[in-house]
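Structure data follow from structure00.cif (mmCIF, C-alpha atoms):
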data_entry
#
loop_
_atom_site.label_atom_id
_atom_site.label_comp_id
_atom_site.auth_asym_id
_atom_site.auth_seq_id
_atom_site.Cartn_x
_atom_site.Cartn_y
_atom_site.Cartn_z
CA MET J 17 21.25 -6.57 42.57
CA VAL J 18 20.95 -6.88 38.81
CA ASN J 19 17.47 -6.64 37.38
CA THR J 20 17.56 -9.79 35.27
CA ILE J 21 14.74 -8.86 32.90
CA GLU J 22 16.29 -5.51 32.10
CA HIS J 23 19.65 -7.18 31.78
CA THR J 24 18.23 -9.77 29.37
CA GLU J 25 16.45 -7.10 27.34
CA SER J 26 19.67 -5.21 26.74
CA GLN J 27 21.30 -8.48 25.68
CA VAL J 28 18.40 -9.13 23.29
CA TRP J 29 18.92 -5.69 21.72
CA GLN J 30 22.56 -6.66 21.25
CA LEU J 31 21.50 -9.91 19.59
CA LEU J 32 19.00 -8.14 17.33
CA SER J 33 21.72 -5.79 16.15
CA THR J 34 23.32 -8.86 14.53
CA VAL J 35 20.21 -9.51 12.41
CA ASN J 36 20.62 -7.84 9.04
CA ASP J 37 18.09 -6.61 6.53
CA PRO J 38 18.40 -9.20 3.71
CA GLU J 39 17.88 -6.50 1.08
CA VAL J 40 20.39 -4.02 2.50
CA PRO J 41 22.82 -6.42 4.16
CA VAL J 42 25.05 -3.74 5.71
CA LEU J 43 22.22 -2.57 7.96
CA SER J 44 20.95 -4.36 11.02
CA ILE J 45 17.26 -4.22 11.84
CA VAL J 46 18.19 -2.04 14.82
CA ASP J 47 20.08 0.41 12.56
CA LEU J 48 16.99 0.55 10.34
CA GLY J 49 14.75 1.35 13.28
CA ILE J 50 12.24 -1.38 12.59
CA VAL J 51 12.49 -3.01 16.05
CA ARG J 52 9.96 -1.05 18.08
CA ASN J 53 9.95 -2.96 21.32
CA VAL J 54 11.48 -5.88 23.19
CA SER J 55 9.51 -7.32 26.04
CA VAL J 56 10.92 -10.18 28.07
CA HIS J 57 8.08 -11.85 30.00
CA ASN J 58 10.21 -14.41 31.83
CA ALA J 59 13.25 -16.60 31.26
CA GLU J 60 11.42 -18.53 28.52
CA SER J 61 9.06 -16.13 26.84
CA ILE J 62 9.62 -12.95 24.84
CA THR J 63 7.74 -10.65 22.47
CA VAL J 64 9.54 -8.55 19.87
CA THR J 65 7.55 -5.86 18.11
CA ILE J 66 8.62 -4.80 14.64
CA THR J 67 7.23 -2.39 12.06
CA PRO J 68 7.55 -2.76 8.27
CA THR J 69 9.39 -0.13 6.25
CA TYR J 70 6.90 -0.63 3.40
CA SER J 71 3.54 -2.43 3.37
CA GLY J 72 4.73 -4.82 0.70
CA CYS J 73 8.29 -5.26 1.95
CA PRO J 74 9.05 -8.92 1.16
CA ALA J 75 11.94 -8.90 3.65
CA MET J 76 9.59 -8.77 6.66
CA ASP J 77 8.86 -12.50 6.69
CA VAL J 78 12.58 -13.33 6.46
CA ILE J 79 13.37 -10.83 9.21
CA SER J 80 10.69 -12.31 11.51
CA MET J 81 12.12 -15.75 10.98
CA GLN J 82 15.67 -14.61 11.67
CA ILE J 83 14.59 -12.89 14.89
CA ARG J 84 12.91 -16.11 15.97
CA LEU J 85 15.96 -18.22 15.17
CA VAL J 86 18.38 -15.93 17.00
CA LEU J 87 16.20 -15.85 20.11
CA LEU J 88 15.52 -19.60 20.13
CA GLU J 89 19.24 -20.13 19.93
CA TYR J 90 19.70 -17.76 22.86
CA GLY J 91 17.44 -20.03 24.92
CA PHE J 92 13.94 -18.61 24.73
CA LYS J 93 11.26 -21.25 24.26
CA GLU J 94 8.35 -19.00 23.35
CA VAL J 95 9.19 -16.26 20.86
CA LYS J 96 6.45 -14.00 19.58
CA VAL J 97 7.16 -11.52 16.78
CA GLU J 98 4.39 -8.96 16.46
CA LYS J 99 3.93 -6.51 13.60
CA VAL J 100 2.63 -2.99 14.30
CA LEU J 101 1.86 -0.36 11.68
CA SER J 102 1.35 2.77 13.75
CA PRO J 103 3.19 5.02 14.20
CA ALA J 104 4.29 4.37 10.64
CA TRP J 105 7.97 3.76 10.10
CA THR J 106 9.98 6.78 9.06
CA THR J 107 13.57 7.10 7.89
CA ASP J 108 14.11 9.43 10.87
CA TRP J 109 14.28 6.26 12.96
CA MET J 110 17.34 5.09 11.08
CA SER J 111 20.36 5.44 13.36
CA GLU J 112 23.21 7.80 12.48
CA SER J 113 25.61 4.86 12.35
CA GLY J 114 23.12 3.18 10.00
CA LYS J 115 23.23 6.18 7.66
CA GLU J 116 27.03 6.11 7.70
CA LYS J 117 27.05 2.39 6.92
CA LEU J 118 24.67 2.94 4.00
CA LYS J 119 26.89 5.63 2.53
CA ALA J 120 30.00 3.48 2.89
CA TYR J 121 28.10 0.70 1.08
CA GLY J 122 27.34 3.01 -1.88
CA ILE J 123 23.72 3.87 -1.09
CA ALA J 124 22.88 7.53 -0.49
CA PRO J 125 21.24 7.78 2.96
CA PRO J 126 17.78 9.38 3.28
CA LEU J 127 17.52 13.12 3.68
CA PRO J 128 15.95 14.16 6.97
CA LYS J 129 13.11 16.14 5.40
CA GLN J 130 10.27 14.77 3.31
CA THR J 131 9.67 17.14 0.40
CA VAL J 132 8.12 14.83 -2.12
CA CYS J 133 4.59 15.26 -3.38
CA LYS J 134 3.28 18.69 -2.73
CA PRO J 135 1.52 19.41 -6.03
CA ASP J 136 3.45 22.60 -6.67
CA GLU J 137 6.78 20.93 -6.14
CA PHE J 138 6.13 18.51 -8.96
CA GLN J 139 9.19 19.38 -10.93
CA GLU J 140 11.46 20.00 -7.98
CA GLU J 141 14.03 17.43 -7.12
CA GLU J 142 15.89 16.98 -3.87
CA ALA J 143 19.66 17.45 -4.02
CA ILE J 144 21.02 13.99 -3.25
CA GLN J 145 24.69 13.57 -2.56
CA CYS J 146 26.62 10.99 -4.58
CA PRO J 147 27.92 8.39 -2.09
CA HIS J 148 30.99 7.80 -4.29
CA CYS J 149 32.46 11.23 -5.09
CA LEU J 150 30.26 13.28 -2.69
CA SER J 151 29.08 15.62 -5.47
CA TYR J 152 25.60 17.13 -5.20
CA HIS J 153 25.47 17.37 -8.98
CA THR J 154 23.19 14.35 -9.41
CA ARG J 155 19.96 13.55 -11.22
CA LEU J 156 16.98 11.33 -10.57
CA ILE J 157 16.72 8.45 -13.01
CA SER J 158 13.75 6.71 -11.44
CA ARG J 159 11.65 7.30 -8.36
CA PHE J 160 11.55 3.52 -7.88
CA GLY J 161 14.75 1.51 -7.56
CA SER J 162 15.85 -2.06 -7.01
CA THR J 163 13.67 -2.38 -3.90
CA ALA J 164 10.59 -0.54 -2.69
CA CYS J 165 12.66 1.60 -0.32
CA LYS J 166 15.10 2.96 -2.90
CA ALA J 167 15.18 5.39 -5.85
CA LEU J 168 17.71 5.38 -8.66
CA TYR J 169 20.06 8.35 -9.23
CA GLN J 170 23.09 9.11 -11.34
CA CYS J 171 26.02 11.35 -10.49
CA GLN J 172 26.66 13.95 -13.20
CA ASP J 173 30.29 14.33 -12.14
CA CYS J 174 31.63 10.80 -11.64
CA LYS J 175 28.83 9.38 -13.87
CA GLU J 176 28.18 6.48 -11.47
CA PRO J 177 24.57 5.43 -10.99
CA PHE J 178 23.63 4.86 -7.35
CA ASP J 179 20.70 3.93 -5.12
CA TYR J 180 19.14 6.50 -2.83
CA PHE J 181 17.33 5.27 0.27
CA LYS J 182 14.07 7.24 -0.05
CA CYS J 183 13.05 9.39 2.86
CA HIS J 184 9.70 8.54 4.30
CA MET X 19 -36.31 1.39 28.17
CA ILE X 20 -33.33 -0.46 29.55
CA ILE X 21 -34.61 -3.74 28.21
CA MET X 22 -35.15 -2.22 24.76
CA GLN X 23 -31.60 -0.92 24.74
CA GLU X 24 -30.27 -4.31 25.61
CA GLN X 25 -32.21 -5.80 22.73
CA THR X 26 -31.26 -3.23 20.11
CA MET X 27 -27.61 -2.69 20.98
CA PRO X 28 -26.28 -6.08 19.82
CA ALA X 29 -28.11 -5.78 16.49
CA GLU X 30 -26.63 -2.34 15.93
CA LYS X 31 -23.21 -3.56 16.92
CA GLU X 32 -23.59 -6.53 14.62
CA ASN X 33 -24.51 -4.29 11.70
CA ALA X 34 -21.54 -2.04 12.38
CA GLN X 35 -19.29 -5.07 12.50
CA LYS X 36 -20.70 -6.39 9.22
CA ALA X 37 -20.21 -3.00 7.58
CA LYS X 38 -16.62 -2.90 8.79
CA ILE X 39 -15.83 -6.32 7.36
CA ASP X 40 -17.48 -5.47 4.02
CA ALA X 41 -15.50 -2.24 3.91
CA LEU X 42 -12.21 -3.96 4.74
CA LEU X 43 -12.80 -6.55 2.03
CA HIS X 44 -13.65 -3.74 -0.38
CA LEU X 45 -10.36 -1.98 0.41
CA ALA X 46 -8.41 -5.24 0.25
CA ASP X 47 -9.98 -6.28 -3.07
CA ASP X 48 -9.27 -2.87 -4.59
CA SER X 49 -5.62 -3.12 -3.53
CA LEU X 50 -5.20 -6.70 -4.66
CA ILE X 51 -6.75 -6.26 -8.11
CA MET X 52 -4.89 -2.99 -8.65
CA GLY X 53 -1.67 -4.73 -7.62
CA HIS X 54 -2.37 -7.62 -9.97
CA ARG X 55 -3.02 -5.33 -12.92
CA CYS X 56 0.18 -3.36 -12.23
CA SER X 57 2.15 -6.60 -11.93
CA GLU X 58 1.00 -7.59 -15.43
CA TRP X 59 3.41 -4.94 -16.71
CA CYS X 60 6.36 -6.82 -15.24
CA GLY X 61 8.74 -7.44 -18.12
CA HIS X 62 6.64 -5.30 -20.50
CA GLY X 63 7.44 -1.74 -19.37
CA PRO X 64 8.58 0.75 -22.03
CA ILE X 65 11.99 1.04 -20.37
CA LEU X 66 13.57 -0.86 -17.50
CA GLU X 67 13.18 1.92 -14.91
CA GLN X 68 9.45 2.26 -15.58
CA ASP X 69 9.01 -1.49 -15.56
CA ILE X 70 10.61 -1.49 -12.10
CA ALA X 71 8.49 1.47 -11.01
CA LEU X 72 5.29 -0.39 -11.87
CA THR X 73 6.36 -3.58 -10.13
CA ASN X 74 7.28 -1.50 -7.06
CA ILE X 75 3.82 0.04 -7.13
CA ALA X 76 2.29 -3.43 -7.56
CA LEU X 77 4.20 -4.59 -4.48
CA ASP X 78 2.89 -1.65 -2.45
CA PHE X 79 -0.68 -2.51 -3.44
CA VAL X 80 -0.30 -6.20 -2.64
CA GLY X 81 1.28 -5.27 0.71
CA GLN X 82 -1.65 -3.01 1.49
CA ALA X 83 -4.07 -5.76 0.43
CA ARG X 84 -2.39 -8.13 2.90
CA ASN X 85 -2.82 -5.63 5.74
CA PHE X 86 -6.52 -5.20 4.97
CA TYR X 87 -7.16 -8.94 4.53
CA GLN X 88 -5.30 -9.71 7.76
CA HIS X 89 -7.41 -7.21 9.65
CA ALA X 90 -10.62 -8.56 8.08
CA ALA X 91 -9.58 -12.14 8.90
CA ALA X 92 -8.87 -11.20 12.53
CA LEU X 93 -12.35 -9.67 12.87
CA LEU X 94 -14.03 -12.60 11.11
CA GLN X 95 -12.31 -15.07 13.44
CA GLN X 96 -14.02 -13.38 16.38
CA LEU X 97 -17.49 -14.04 14.93
CA PRO X 98 -19.52 -17.26 15.08
CA ASN X 99 -18.25 -19.47 12.26
CA ASP X 100 -21.50 -19.56 10.24
CA MET X 101 -21.79 -15.82 10.28
CA ALA X 102 -18.13 -15.33 9.35
CA LEU X 103 -18.35 -17.73 6.40
CA ALA X 104 -21.52 -16.06 5.13
CA LEU X 105 -20.02 -12.58 5.49
CA ALA X 106 -16.86 -13.43 3.61
CA ASP X 107 -19.00 -15.25 1.02
CA PHE X 108 -16.53 -18.03 0.34
CA ASP X 109 -16.85 -20.07 -2.80
CA ILE X 110 -15.61 -23.19 -1.01
CA THR X 111 -15.33 -23.54 2.76
CA PRO X 112 -11.79 -22.75 3.82
CA ALA X 113 -9.83 -24.71 6.41
CA SER X 114 -9.46 -21.43 8.27
CA ILE X 115 -10.21 -17.79 7.60
CA THR X 116 -6.90 -16.13 6.75
CA GLU X 117 -5.62 -13.42 4.42
CA ASP X 118 -4.95 -16.16 1.87
CA SER X 119 -8.37 -17.80 1.98
CA LEU X 120 -10.01 -14.38 1.64
CA ALA X 121 -7.95 -13.63 -1.46
CA TYR X 122 -8.08 -17.06 -3.05
CA LEU X 123 -11.37 -18.71 -2.12
CA ARG X 124 -13.94 -16.04 -2.90
CA ASN X 125 -15.70 -15.82 -6.23
CA ALA X 126 -15.99 -12.78 -8.49
CA ASN X 127 -19.40 -11.81 -7.11
CA ALA X 128 -18.00 -11.75 -3.57
CA TYR X 129 -15.29 -9.30 -4.63
CA LYS X 130 -16.09 -5.67 -3.82
CA ASN X 131 -13.49 -3.72 -5.79
CA HIS X 132 -14.31 -0.72 -7.98
CA LEU X 133 -14.94 -1.56 -11.63
CA LEU X 134 -12.13 0.85 -12.59
CA VAL X 135 -9.38 -1.28 -11.07
CA GLU X 136 -10.33 -4.49 -12.88
CA LEU X 137 -10.32 -2.94 -16.37
CA PRO X 138 -7.56 -4.29 -18.61
CA ASN X 139 -4.36 -2.24 -18.60
CA GLY X 140 -4.66 -1.07 -22.20
CA ASP X 141 -1.77 1.07 -23.36
CA TRP X 142 0.70 3.03 -21.23
CA ALA X 143 -1.57 6.11 -21.13
CA GLN X 144 -4.52 4.10 -19.85
CA THR X 145 -2.41 2.39 -17.21
CA ILE X 146 -0.92 5.68 -16.02
CA LEU X 147 -4.27 7.43 -15.91
CA LYS X 148 -5.88 4.59 -13.97
CA ILE X 149 -3.14 4.73 -11.32
CA PHE X 150 -3.39 8.53 -11.28
CA PHE X 151 -7.19 8.54 -10.71
CA PHE X 152 -7.09 5.72 -8.17
CA SER X 153 -4.09 6.96 -6.16
CA ASN X 154 -5.52 10.43 -5.84
CA TYR X 155 -8.81 8.93 -4.65
CA ARG X 156 -6.99 6.74 -2.15
CA GLN X 157 -4.94 9.64 -0.88
CA ILE X 158 -7.96 11.74 0.10
CA LEU X 159 -9.94 8.77 1.40
CA PHE X 160 -7.08 7.52 3.57
CA GLN X 161 -6.48 10.99 4.98
CA GLN X 162 -10.08 10.74 6.15
CA LEU X 163 -9.46 7.25 7.58
CA LEU X 164 -6.61 8.50 9.79
CA LYS X 165 -9.33 9.68 12.18
CA ASN X 166 -11.29 6.41 12.07
CA SER X 167 -12.40 4.91 15.38
CA ASP X 168 -10.96 1.55 14.26
CA THR X 169 -7.33 2.18 15.19
CA GLN X 170 -6.01 -0.69 13.06
CA LEU X 171 -7.78 0.69 9.98
CA ALA X 172 -6.32 4.12 10.78
CA ALA X 173 -2.84 2.57 11.16
CA ILE X 174 -3.06 0.82 7.76
CA ALA X 175 -4.18 4.11 6.20
CA GLU X 176 -1.27 5.94 7.85
CA LYS X 177 1.22 3.38 6.56
CA SER X 178 -0.28 3.27 3.06
CA LEU X 179 -0.38 7.05 2.67
CA LYS X 180 3.41 7.21 2.64
CA GLU X 181 3.49 4.88 -0.35
CA ILE X 182 0.53 6.48 -2.10
CA GLN X 183 2.36 9.82 -2.16
CA TYR X 184 4.90 8.29 -4.50
CA HIS X 185 2.19 6.77 -6.71
CA VAL X 186 0.42 10.13 -6.92
CA LYS X 187 3.60 11.95 -7.82
CA TRP X 188 4.90 9.38 -10.29
CA SER X 189 1.59 9.01 -12.15
CA GLY X 190 0.98 12.78 -12.11
CA GLU X 191 4.34 13.42 -13.71
CA TRP X 192 3.49 10.93 -16.44
CA VAL X 193 0.08 12.52 -17.03
CA MET X 194 1.88 15.83 -17.64
CA ARG X 195 4.58 14.26 -19.76
CA LEU X 196 2.04 12.51 -21.99
CA GLY X 197 -0.64 15.23 -22.07
CA ASP X 198 1.86 17.94 -22.90
CA GLY X 199 4.09 15.65 -24.97
CA THR X 200 3.89 14.63 -28.62
CA ASP X 201 0.73 14.58 -30.76
CA GLU X 202 0.65 10.82 -30.35
CA SER X 203 1.01 10.83 -26.56
CA ARG X 204 -1.60 13.56 -26.20
CA GLU X 205 -4.03 11.67 -28.46
CA ARG X 206 -3.57 8.55 -26.34
CA MET X 207 -4.12 10.51 -23.13
CA LEU X 208 -7.38 11.95 -24.48
CA LYS X 209 -8.54 8.47 -25.47
CA ALA X 210 -7.59 7.19 -22.02
CA ILE X 211 -9.71 9.89 -20.39
CA ASP X 212 -12.69 8.96 -22.58
CA TYR X 213 -12.21 5.30 -21.70
CA LEU X 214 -11.79 5.66 -17.93
CA TRP X 215 -13.88 8.69 -17.00
CA PRO X 216 -17.21 6.74 -16.94
CA TYR X 217 -15.76 4.64 -14.09
CA VAL X 218 -14.58 7.35 -11.68
CA GLY X 219 -18.10 8.24 -10.53
CA GLU X 220 -18.22 4.97 -8.61
CA PHE X 221 -15.56 6.25 -6.18
CA PHE X 222 -18.05 8.67 -4.67
CA ASN X 223 -21.21 6.58 -5.01
CA CYS X 224 -20.74 5.32 -1.47
CA THR X 225 -22.40 2.14 -0.31
CA GLU X 226 -23.99 1.86 3.12
CA TYR X 227 -21.05 -0.18 4.37
CA GLU X 228 -18.59 2.50 3.31
CA LYS X 229 -20.62 5.24 4.98
CA THR X 230 -20.81 3.30 8.23
CA ALA X 231 -17.26 1.95 8.37
CA PHE X 232 -15.51 5.02 6.97
CA GLU X 233 -17.68 7.33 9.12
CA LEU X 234 -18.80 9.39 6.12
CA ASP X 235 -21.96 11.40 5.59
CA ASP X 236 -23.27 13.07 2.43
CA THR X 237 -21.46 16.31 3.20
CA SER X 238 -18.07 14.66 3.69
CA ILE X 239 -18.54 12.51 0.58
CA ASP X 240 -19.32 15.65 -1.40
CA LEU X 241 -16.19 17.27 -0.03
CA LEU X 242 -14.06 14.26 -1.02
CA LYS X 243 -15.58 14.38 -4.50
CA GLN X 244 -14.82 18.07 -4.98
CA THR X 245 -11.30 17.75 -3.58
CA TRP X 246 -10.57 14.86 -5.90
CA LEU X 247 -11.93 16.67 -8.97
CA ASN X 248 -9.94 19.81 -8.17
CA THR X 249 -6.73 17.80 -7.78
CA ILE X 250 -7.28 16.00 -11.08
CA ASN X 251 -8.07 19.24 -12.90
CA HIS X 252 -5.03 20.95 -11.38
CA THR X 253 -2.73 18.35 -12.96
CA PHE X 254 -4.78 18.25 -16.18
CA GLN X 255 -4.30 22.00 -16.49
CA LEU X 256 -0.52 21.59 -16.15
CA ALA X 257 -0.74 18.79 -18.71
CA THR X 258 -2.79 21.00 -21.09
CA LEU X 259 -5.58 18.40 -20.93
CA PRO X 260 -9.26 19.47 -20.93
CA GLU X 261 -10.95 20.23 -17.62
CA GLN X 262 -13.30 17.46 -16.46
CA THR X 263 -16.68 17.53 -14.75
CA PHE X 264 -18.77 14.71 -13.32
CA GLY X 265 -21.52 13.55 -15.66
CA LYS X 266 -24.93 12.37 -14.50
CA TRP X 267 -24.29 8.81 -15.62
CA TYR X 268 -21.45 6.49 -14.68
CA GLN X 269 -20.64 2.80 -14.44
CA SER X 270 -21.07 1.21 -11.03
CA GLY X 271 -21.77 -2.08 -9.28
CA GLY X 272 -18.32 -3.38 -8.40
CA LYS X 273 -18.60 -2.41 -4.75
CA LEU X 274 -21.73 -4.56 -4.49
CA GLY X 275 -20.25 -7.53 -6.34
CA ILE X 276 -21.58 -6.80 -9.84
CA HIS X 277 -18.50 -6.89 -12.05
CA THR X 278 -17.35 -6.67 -15.64
CA GLU X 279 -16.31 -9.92 -17.30
CA HIS X 280 -12.65 -8.95 -16.79
CA LEU X 281 -12.56 -9.78 -13.07
CA GLY X 282 -13.30 -13.46 -13.66
CA TYR X 283 -10.24 -13.81 -15.87
CA ILE X 284 -8.00 -12.15 -13.26
CA LEU X 285 -9.30 -14.44 -10.53
CA ALA X 286 -8.97 -17.53 -12.72
CA GLU X 287 -5.29 -16.76 -13.17
CA MET X 288 -4.69 -15.68 -9.58
CA GLN X 289 -6.68 -18.41 -7.86
CA PHE X 290 -5.88 -21.39 -10.06
CA LEU X 291 -2.87 -22.57 -8.09
CA PRO X 292 -4.19 -22.31 -4.51
CA ARG X 293 -7.51 -23.88 -5.54
CA THR X 294 -5.90 -26.74 -7.45
CA TYR X 295 -3.19 -27.41 -4.89
CA PRO X 296 -4.59 -26.35 -1.50
CA ASN X 297 -1.91 -25.31 1.01
CA ALA X 298 0.80 -25.37 -1.65
CA GLU X 299 4.07 -23.85 -0.46
CA TRP X 300 7.21 -22.85 -2.29
#
As structure tokens - that is how I would like this structure written.
Amino acid sequence: MVNTIEHTESQVWQLLSTVNDPEVPVLSIVDLGIVRNVSVHNAESITVTITPTYSGCPAMDVISMQIRLVLLEYGFKEVKVEKVLSPAWTTDWMSESGKEKLKAYGIAPPLPKQTVCKPDEFQEEEAIQCPHCLSYHTRLISRFGSTACKALYQCQDCKEPFDYFKCH
Amino acid sequence: MIIMQEQTMPAEKENAQKAKIDALLHLADDSLIMGHRCSEWCGHGPILEQDIALTNIALDFVGQARNFYQHAAALLQQLPNDMALALADFDITPASITEDSLAYLRNANAYKNHLLVELPNGDWAQTILKIFFFSNYRQILFQQLLKNSDTQLAAIAEKSLKEIQYHVKWSGEWVMRLGDGTDESRERMLKAIDYLWPYVGEFFNCTEYEKTAFELDDTSIDLLKQTWLNTINHTFQLATLPEQTFGKWYQSGGKLGIHTEHLGYILAEMQFLPRTYPNAEW
């Protein structure tokens, strides 16, 4: 016999993977790793727990609304979207397919290791690969890019500027 | 004995709860005013990338302010209404206690931010140095808060620390670039230190509510103070700027609601719309 709640939950995960981050539209919220939990209470009621990438991320309100719309359309009557902060979101939660999608879109995916901000590494820069020509010969232009989650780099070989999704 | 315990426990609990709400409002106000000041640079940065950097930092601060206000509002909603209204010290009675009413319907003397954060931006050196001092203070304080018995406060600190690392690094790099830069940039850095140093003492002049809510005693406050000073001096040394020590005298009062005239102007600008058009949406 099929466990209906489990069955529904896996369908909800499928649905959520169609909800995109409005600021990085090639990534779904599941790729990003911001959906922490799906809990189906019964046929009508569900709670989805999400975590923000950044405290001030303006996309969170839009994302909450989209989750609600998708689930109401699916047939839930009572949709609760809860925000949790701990454990704090990290780029390690971004799926491998998400990182590939980012790269294909022209945004360098986050490096797995956080090396920023030890006082003695002040002048050190991480080697970020250019998503266009794949050169590692790149330079940091600004630690803060077009959105809170990105930094701005330029490739020294193909000369293209590009966004880097900061590791966190 | 048992009866005495029953009588004293609620009062103690109540005091702890009051201290926690004061402390949350203090953290929220610091973040909001800092965010507002940083946002004033929007469209005025020396180059586009730095303009964007400052607005990113402003966004982080406002996001952190929202988390603190939301937590404070949730705790206030659990209290009897009279007590909650008195604690938040609203200027006009809000329809409900929310992050927005806490930000928009309290007067300057209810705000509990440090005096440092409300000072006008001044030039680029002053702005950089203010962010540098404040972010380094926040970094060591929030590391302490990770262990706090209030798990939501610890979670906000954990989240914020990731963003603060970038603020610390970015502002530190600018302190070095300006201190060890041209004669002009160095001169401006030295002036910025003279201007802001009298305000940093307030960080470590902890109020009773901070001590209670942040679970600090005199020893741990002293440790924070020393750690902060060492960090600042480490960067100043790299920047060829003079080593600093704490003086006996410093400006204070912000954490208890006694502010400079500058805060009123910020609030007038920030609060005008929600006070004039309650529940406005866009």
### Query
When the cut-off is 7 Å and we count only C-alpha atoms, which residues of chain J are near chain X, given as a list in words?
Ser71, Gly72, Leu101, Ser102, Ala104, Cys133, Ser158, Phe160, Gly161, Ala164 and His184 of chain J
### Task
Find, counting all atoms listed in the file, the residue in J:Ser162, J:Thr106, J:Gln170, J:Ser113 that gets nearest to Ala143 of chain J.
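Of all the options, J:Gln170 lies closest to Ala143 of chain J.
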#### Entry: For atom CA of Glu261 of chain X and atom CA of Cys224 of chain X, the interatomic separation in Å (one decimal)
24.1 Å
### Query
Mind telling me what the PyMOL selection byres ((chain J and resi 95) around 8) catches here, as number ranges by chain?
J: 61-64, 84, 87-88, 92-94, 96-97
Save out the residues we just selected, C-alpha atoms, as a PDB file, in the frame of the given file.
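Dumped to again.pdb:
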ATOM      1  CA  SER J  61       9.060 -16.130  26.840  1.00  0.00           C
ATOM      2  CA  ILE J  62       9.620 -12.950  24.840  1.00  0.00           C
ATOM      3  CA  THR J  63       7.740 -10.650  22.470  1.00  0.00           C
ATOM      4  CA  VAL J  64       9.540  -8.550  19.870  1.00  0.00           C
ATOM      5  CA  ARG J  84      12.910 -16.110  15.970  1.00  0.00           C
ATOM      6  CA  LEU J  87      16.200 -15.850  20.110  1.00  0.00           C
ATOM      7  CA  LEU J  88      15.520 -19.600  20.130  1.00  0.00           C
ATOM      8  CA  PHE J  92      13.940 -18.610  24.730  1.00  0.00           C
ATOM      9  CA  LYS J  93      11.260 -21.250  24.260  1.00  0.00           C
ATOM     10  CA  GLU J  94       8.350 -19.000  23.350  1.00  0.00           C
ATOM     11  CA  LYS J  96       6.450 -14.000  19.580  1.00  0.00           C
ATOM     12  CA  VAL J  97       7.160 -11.520  16.780  1.00  0.00           C
TER      13      VAL J  97
END
### Message
With distances taken over only C-alpha atoms, which residue among X:His89, X:His44, X:His54, X:Lys38 lies nearest Ser167 of chain X?
### Response
X:Lys38
Using only C-alpha atoms, list the residues that have an atom at most 12 Å from (-17.0, 11.3, 10.0), coordinates as in the file, as a CSV table (one decimal) with C-alpha atoms, in the coordinates of the input.
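Output file part35.csv is given in full below:
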chain,number,residue,atom,x,y,z
X,159,LEU,CA,-9.9,8.8,1.4
X,161,GLN,CA,-6.5,11.0,5.0
X,162,GLN,CA,-10.1,10.7,6.2
X,163,LEU,CA,-9.5,7.2,7.6
X,164,LEU,CA,-6.6,8.5,9.8
X,165,LYS,CA,-9.3,9.7,12.2
X,166,ASN,CA,-11.3,6.4,12.1
X,167,SER,CA,-12.4,4.9,15.4
X,228,GLU,CA,-18.6,2.5,3.3
X,229,LYS,CA,-20.6,5.2,5.0
X,230,THR,CA,-20.8,3.3,8.2
X,231,ALA,CA,-17.3,2.0,8.4
X,232,PHE,CA,-15.5,5.0,7.0
X,233,GLU,CA,-17.7,7.3,9.1
X,234,LEU,CA,-18.8,9.4,6.1
X,235,ASP,CA,-22.0,11.4,5.6
X,236,ASP,CA,-23.3,13.1,2.4
X,237,THR,CA,-21.5,16.3,3.2
X,238,SER,CA,-18.1,14.7,3.7
X,239,ILE,CA,-18.5,12.5,0.6
X,241,LEU,CA,-16.2,17.3,0.0
X,242,LEU,CA,-14.1,14.3,-1.0
### Task
Tell me which protein, DNA and RNA residues are within 6 Å of segment 130-139 of chain X, counting only C-alpha atoms, leaving out same-chain ones fewer than 4 positions away, and put them as a PyMOL selection string.
chain X and resi 44+47-48+52+145+217+272-275+281
### Query
Distance atom CA of Ala121 of chain X-atom CA of Tyr295 of chain X, one decimal place?
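Taking atom CA of Ala121 of chain X and atom CA of Tyr295 of chain X, their separation equals 15.0 Å.
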### Message
Which residues are close to Gln255 of chain X, i.e. within 10 Å by all atoms listed in the file, leaving aside same-chain residues fewer than 4 positions away? Reply as a ChimeraX atom specification.
### Response
/X:194,197-198,249-251,259-261
### Task
Carefully work through the PyMOL selection byres ((chain X and resi 36) around 10) for this structure and note down the residues it includes, as a list in words.
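After applying the PyMOL selection byres ((chain X and resi 36) around 10), what remains is Glu30, Lys31, Glu32, Asn33, Ala34, Gln35, Ala37, Lys38, Ile39, Asp40, Ala41, Leu42, Leu93, Leu94, Met101, Ala102, Leu105, Ala106, Tyr227, Thr230 and Ala231 of chain X.
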### Task
Determine, counting all atoms listed in the file, which protein, DNA and RNA residues have an atom within 10 Å of an atom of Ala120 of chain J; residues of the same chain fewer than 4 positions away are not included. Present the result as a list in words.
Val42, Gly114, Lys115, Glu116, Ala124, Pro125, Pro147 and His148 of chain J
### Task
Would you mind reading off the distance between atom CA of Phe221 of chain X and atom CA of Phe264 of chain X, one decimal, in Å?
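Distance reported for this atom pair: 11.5 Å.
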### Message
I want to know what sits within 12 Å of Trp29 of chain J, based on only C-alpha atoms, with residues of the same chain fewer than 6 positions away left out; could you give that as a list in words?
### Response
Glu22, His23, Val35, Ser44, Ile45, Val46, Asp47, Gly49, Val51, Arg52, Asn53, Val54, Ser55, Val56, Val64, Thr65, Ile83, Val86 and Leu87 of chain J
### Query
If you apply the PyMOL selection byres ((chain J and resi 38) around 8) to this file, what residues do you get, as a PyMOL selection string?
chain J and resi 36-37+39-41+75+78-79
### Residues near Asp109 of chain X, cut-off 8 Å, all atoms listed in the file, skip fewer than 4 positions along chain, as a count of residues only
3
